Amino acid sequence: MDEQVRTGGCLCGAASIRLKGQPTRVGICHCHDCRRTSGSAFVCFAVWPRSSYEDTGNLHTFAGRSFCPTCGSRLVSLREDEAEVMIGSLDQAPSNLIPDYELWIGRREPWLLNLELAVQFEHDWEPRKN
Ligand SMILES: [Zn+2]
Ligand SMILES: [Zn+2]
């Protein structure tokens with residue numbers, strides 16, 4: 001089976017990312033921090049195993065969120081075992097990644113519809129680690 005490879009990067013092109021295979025989950029978050037750091041009403045992200053993620057360029061990190069210091073594009077949150085990628089940083093649009101879950105729904109703008117295909121959470125949800 002051919003493994004899908006997705007590429008992406010920041011607005012100015014100084015940083016790029018590369019992801020192998022399918023994400024383990026896709027989420028939407030309406031929390032205060034996601035609103036602030038994105039400057040938007042919510043963020044949509046996809047999570048890959050850390051070993052499936054590569055980047056080039058000089059990313060800076062604040063509070064676990066990495067971004068291009070030149071253009072400010074927020075790309076990824078790297079954890080020891082996972083890479084949580086902002087799907088807007090991917091080259092392909094639409095990404096065709098479909099959210100499995102939605103966080104902090106109490107902060108969702110009222111004009112956004114409840115995504116029926118996504119499991120809804122009042123606050124955070126951390127998947128169980130094996
Ligand atoms: Zn940039
Ligand atoms: Zn959030």
# chains A, B, ... in the order shown; residues from 1 in each chain; ligands from 1
>>> residues_near_ligand(ligand="ligand 1", cutoff="9 Å", atoms="only C-alpha atoms and all ligand atoms", output="compact mmCIF listing (two decimals) with N, CA and C atoms, in the first residue's frame")
# COMPACT_ATOMS: atom_id res chain seq x y z
N GLY A 9 3.40 24.18 5.01
CA GLY A 9 4.39 25.16 5.41
C GLY A 9 3.74 26.45 5.82
N CYS A 10 4.61 27.43 6.07
CA CYS A 10 4.13 28.72 6.54
C CYS A 10 3.86 29.66 5.37
N LEU A 11 3.30 30.81 5.66
CA LEU A 11 2.92 31.75 4.61
C LEU A 11 4.13 32.26 3.82
N CYS A 12 5.23 32.54 4.48
CA CYS A 12 6.38 33.12 3.77
C CYS A 12 7.26 32.07 3.11
N GLY A 13 7.04 30.80 3.44
CA GLY A 13 7.80 29.74 2.78
C GLY A 13 9.10 29.36 3.48
N ALA A 14 9.44 30.01 4.59
CA ALA A 14 10.70 29.71 5.26
C ALA A 14 10.67 28.37 6.00
N ALA A 15 9.49 27.92 6.39
CA ALA A 15 9.37 26.66 7.13
C ALA A 15 8.43 25.72 6.38
N SER A 16 8.80 24.45 6.36
CA SER A 16 7.92 23.49 5.73
C SER A 16 7.80 22.24 6.59
N GLY A 57 13.41 24.39 8.40
CA GLY A 57 13.24 25.79 8.73
C GLY A 57 13.42 25.99 10.22
N LEU A 59 11.67 26.96 13.27
CA LEU A 59 10.43 27.25 13.99
C LEU A 59 10.74 27.74 15.40
N PHE A 67 5.75 28.03 15.51
CA PHE A 67 5.34 28.96 14.45
C PHE A 67 6.56 29.50 13.74
N CYS A 68 6.36 30.06 12.56
CA CYS A 68 7.44 30.70 11.82
C CYS A 68 7.67 32.10 12.41
N PRO A 69 8.89 32.40 12.84
CA PRO A 69 9.13 33.70 13.46
C PRO A 69 9.11 34.86 12.46
N THR A 70 9.20 34.56 11.18
CA THR A 70 9.16 35.61 10.17
C THR A 70 7.74 36.04 9.84
N CYS A 71 6.89 35.08 9.52
CA CYS A 71 5.53 35.43 9.08
C CYS A 71 4.47 35.15 10.14
N GLY A 72 4.85 34.44 11.22
CA GLY A 72 3.90 34.22 12.31
C GLY A 72 2.96 33.04 12.12
N SER A 73 3.05 32.36 11.00
CA SER A 73 2.13 31.22 10.79
C SER A 73 2.36 30.16 11.85
N ARG A 74 1.26 29.74 12.46
CA ARG A 74 1.34 28.68 13.45
C ARG A 74 1.20 27.34 12.74
>>> closest_atom_pairs(of="chain A", to="ligand 2", cutoff="10 Å", atoms="only C-alpha atoms and all ligand atoms", output="tab-separated table")
residue	atom	partner	partner_atom_place_in_ligand_line	distance
A:Gly27	CA	ligand 2	1 (Zn)	9.6
A:Ile28	CA	ligand 2	1 (Zn)	7.8
A:Cys29	CA	ligand 2	1 (Zn)	4.5
A:His30	CA	ligand 2	1 (Zn)	5.6
A:Cys31	CA	ligand 2	1 (Zn)	4.1
A:His32	CA	ligand 2	1 (Zn)	6.5
A:Asp33	CA	ligand 2	1 (Zn)	5.6
A:Cys34	CA	ligand 2	1 (Zn)	4.2
A:Arg35	CA	ligand 2	1 (Zn)	7.2
A:Arg36	CA	ligand 2	1 (Zn)	9.3
A:Thr37	CA	ligand 2	1 (Zn)	9.2
A:Ser38	CA	ligand 2	1 (Zn)	9.8
A:Phe42	CA	ligand 2	1 (Zn)	7.7
A:Val43	CA	ligand 2	1 (Zn)	7.2
A:Cys44	CA	ligand 2	1 (Zn)	9.2
A:Phe45	CA	ligand 2	1 (Zn)	9.8
A:Glu102	CA	ligand 2	1 (Zn)	9.5
A:Leu103	CA	ligand 2	1 (Zn)	7.0
A:Trp104	CA	ligand 2	1 (Zn)	7.3
A:His123	CA	ligand 2	1 (Zn)	8.9
A:Asp124	CA	ligand 2	1 (Zn)	7.7
>>> write_last_selection(atoms="C-alpha atoms", output="PDB file, in the first residue's frame")
ATOM      1  CA  GLY A  27     -10.072  17.676  16.008  1.00  0.00           C
ATOM      2  CA  ILE A  28     -11.573  21.128  16.281  1.00  0.00           C
ATOM      3  CA  CYS A  29     -11.021  23.348  19.305  1.00  0.00           C
ATOM      4  CA  HIS A  30     -12.838  26.492  20.395  1.00  0.00           C
ATOM      5  CA  CYS A  31     -10.849  27.073  23.608  1.00  0.00           C
ATOM      6  CA  HIS A  32      -9.501  30.435  24.693  1.00  0.00           C
ATOM      7  CA  ASP A  33      -5.866  29.568  23.913  1.00  0.00           C
ATOM      8  CA  CYS A  34      -6.684  28.298  20.420  1.00  0.00           C
ATOM      9  CA  ARG A  35      -8.724  31.406  19.674  1.00  0.00           C
ATOM     10  CA  ARG A  36      -5.935  33.680  20.902  1.00  0.00           C
ATOM     11  CA  THR A  37      -3.020  31.971  19.209  1.00  0.00           C
ATOM     12  CA  SER A  38      -4.808  31.595  15.882  1.00  0.00           C
ATOM     13  CA  PHE A  42     -11.496  28.095  16.337  1.00  0.00           C
ATOM     14  CA  VAL A  43      -8.716  25.841  15.116  1.00  0.00           C
ATOM     15  CA  CYS A  44      -8.777  22.567  13.251  1.00  0.00           C
ATOM     16  CA  PHE A  45      -5.836  20.235  13.681  1.00  0.00           C
ATOM     17  CA  GLU A 102     -14.728  18.920  18.886  1.00  0.00           C
ATOM     18  CA  LEU A 103     -13.473  20.554  22.097  1.00  0.00           C
ATOM     19  CA  TRP A 104     -14.724  23.424  24.265  1.00  0.00           C
ATOM     20  CA  HIS A 123     -13.768  20.941  27.678  1.00  0.00           C
ATOM     21  CA  ASP A 124     -10.522  19.177  26.830  1.00  0.00           C
TER      22      ASP A 124
END
>>> select_by_dssp(residues="chain A", states="alpha helix (DSSP H)", output="PyMOL selection string")
chain A and resi 32-38
>>> atom_distance(atom1="CA of Gly21 in chain A", atom2="CA of Asp2 in chain A")
8.8 Å
>>> select_by_dssp(residues="range 66-122 of chain A", states="strand (DSSP E)", output="VMD selection string")
chain A and resid 66 to 67 74 to 78 82 to 86 101 to 103 119 to 120
>>> residues_around(residues="range 75-88 of chain A", least_positions_apart="2", cutoff="6 Å", atoms="only C-alpha atoms", output="list of chain:residue names")
A:Phe45, A:Ala46, A:Val47, A:Trp48, A:Pro49, A:Arg50, A:Gly64, A:Arg65, A:Ser66, A:Phe67, A:Leu90
>>> closest_residue(among="A:Val5, A:Ala41, A:Ala93, A:Ala63", to="Glu109 in chain A", atoms="only C-alpha atoms")
A:Ala41
>>> atom_distance(atom1="CA of Ser52 in chain A", atom2="CA of Leu115 in chain A")
27.7 Å
>>> decode(residues="range 75-98 of chain A", atoms="N, CA and C atoms", output="CSV table (one decimal), in the first residue's frame")
chain,number,residue,atom,x,y,z
A,75,LEU,N,2.2,26.5,12.9
A,75,LEU,CA,2.2,25.2,12.2
A,75,LEU,C,1.8,24.0,13.0
A,76,VAL,N,2.4,23.9,14.2
A,76,VAL,CA,2.4,22.6,14.8
A,76,VAL,C,2.6,22.7,16.3
A,77,SER,N,2.1,21.7,17.1
A,77,SER,CA,2.4,21.6,18.5
A,77,SER,C,3.1,20.2,18.6
A,78,LEU,N,4.4,20.2,19.0
A,78,LEU,CA,5.1,18.9,19.0
A,78,LEU,C,5.1,18.4,20.4
A,79,ARG,N,4.8,17.2,20.6
A,79,ARG,CA,4.9,16.5,21.9
A,79,ARG,C,5.9,15.3,21.7
A,80,GLU,N,6.2,14.7,22.8
A,80,GLU,CA,7.2,13.6,22.7
A,80,GLU,C,6.8,12.6,21.7
A,81,ASP,N,5.5,12.2,21.7
A,81,ASP,CA,5.1,11.1,20.8
A,81,ASP,C,4.2,11.5,19.7
A,82,GLU,N,3.8,12.8,19.6
A,82,GLU,CA,2.8,13.2,18.6
A,82,GLU,C,3.1,14.6,18.1
A,83,ALA,N,2.6,14.8,16.9
A,83,ALA,CA,2.7,16.1,16.2
A,83,ALA,C,1.3,16.5,15.9
A,84,GLU,N,0.8,17.6,16.5
A,84,GLU,CA,-0.5,18.2,16.2
A,84,GLU,C,-0.4,19.3,15.2
A,85,VAL,N,-0.8,19.1,14.0
A,85,VAL,CA,-0.6,20.0,12.9
A,85,VAL,C,-1.9,20.8,12.6
A,86,MET,N,-1.7,22.1,12.4
A,86,MET,CA,-2.8,23.0,12.0
A,86,MET,C,-3.1,22.6,10.6
A,87,ILE,N,-4.4,22.2,10.3
A,87,ILE,CA,-4.6,21.7,8.9
A,87,ILE,C,-4.6,22.8,7.9
A,88,GLY,N,-4.7,24.1,8.3
A,88,GLY,CA,-4.6,25.2,7.4
A,88,GLY,C,-3.1,25.3,6.9
A,89,SER,N,-2.2,24.7,7.5
A,89,SER,CA,-0.8,24.8,7.1
A,89,SER,C,-0.5,23.8,6.0
A,90,LEU,N,-1.4,22.9,5.7
A,90,LEU,CA,-1.1,21.9,4.7
A,90,LEU,C,-1.3,22.5,3.3
A,91,ASP,N,-0.5,22.0,2.3
A,91,ASP,CA,-0.6,22.5,1.0
A,91,ASP,C,-1.9,22.3,0.3
A,92,GLN,N,-2.5,21.1,0.6
A,92,GLN,CA,-3.7,20.7,-0.1
A,92,GLN,C,-4.9,21.3,0.5
A,93,ALA,N,-5.7,22.0,-0.2
A,93,ALA,CA,-6.9,22.6,0.3
A,93,ALA,C,-8.1,22.3,-0.7
A,94,PRO,N,-9.2,21.7,-0.3
A,94,PRO,CA,-9.4,21.3,1.1
A,94,PRO,C,-8.5,20.1,1.4
A,95,SER,N,-8.2,19.9,2.7
A,95,SER,CA,-7.4,18.8,3.1
A,95,SER,C,-8.0,17.4,3.1
A,96,ASN,N,-9.4,17.5,3.0
A,96,ASN,CA,-10.2,16.2,3.1
A,96,ASN,C,-10.0,15.5,4.4
A,97,LEU,N,-9.4,16.1,5.4
A,97,LEU,CA,-9.4,15.5,6.7
A,97,LEU,C,-10.7,15.9,7.5
A,98,ILE,N,-11.3,14.9,8.1
A,98,ILE,CA,-12.6,15.1,8.7
A,98,ILE,C,-12.5,15.0,10.2
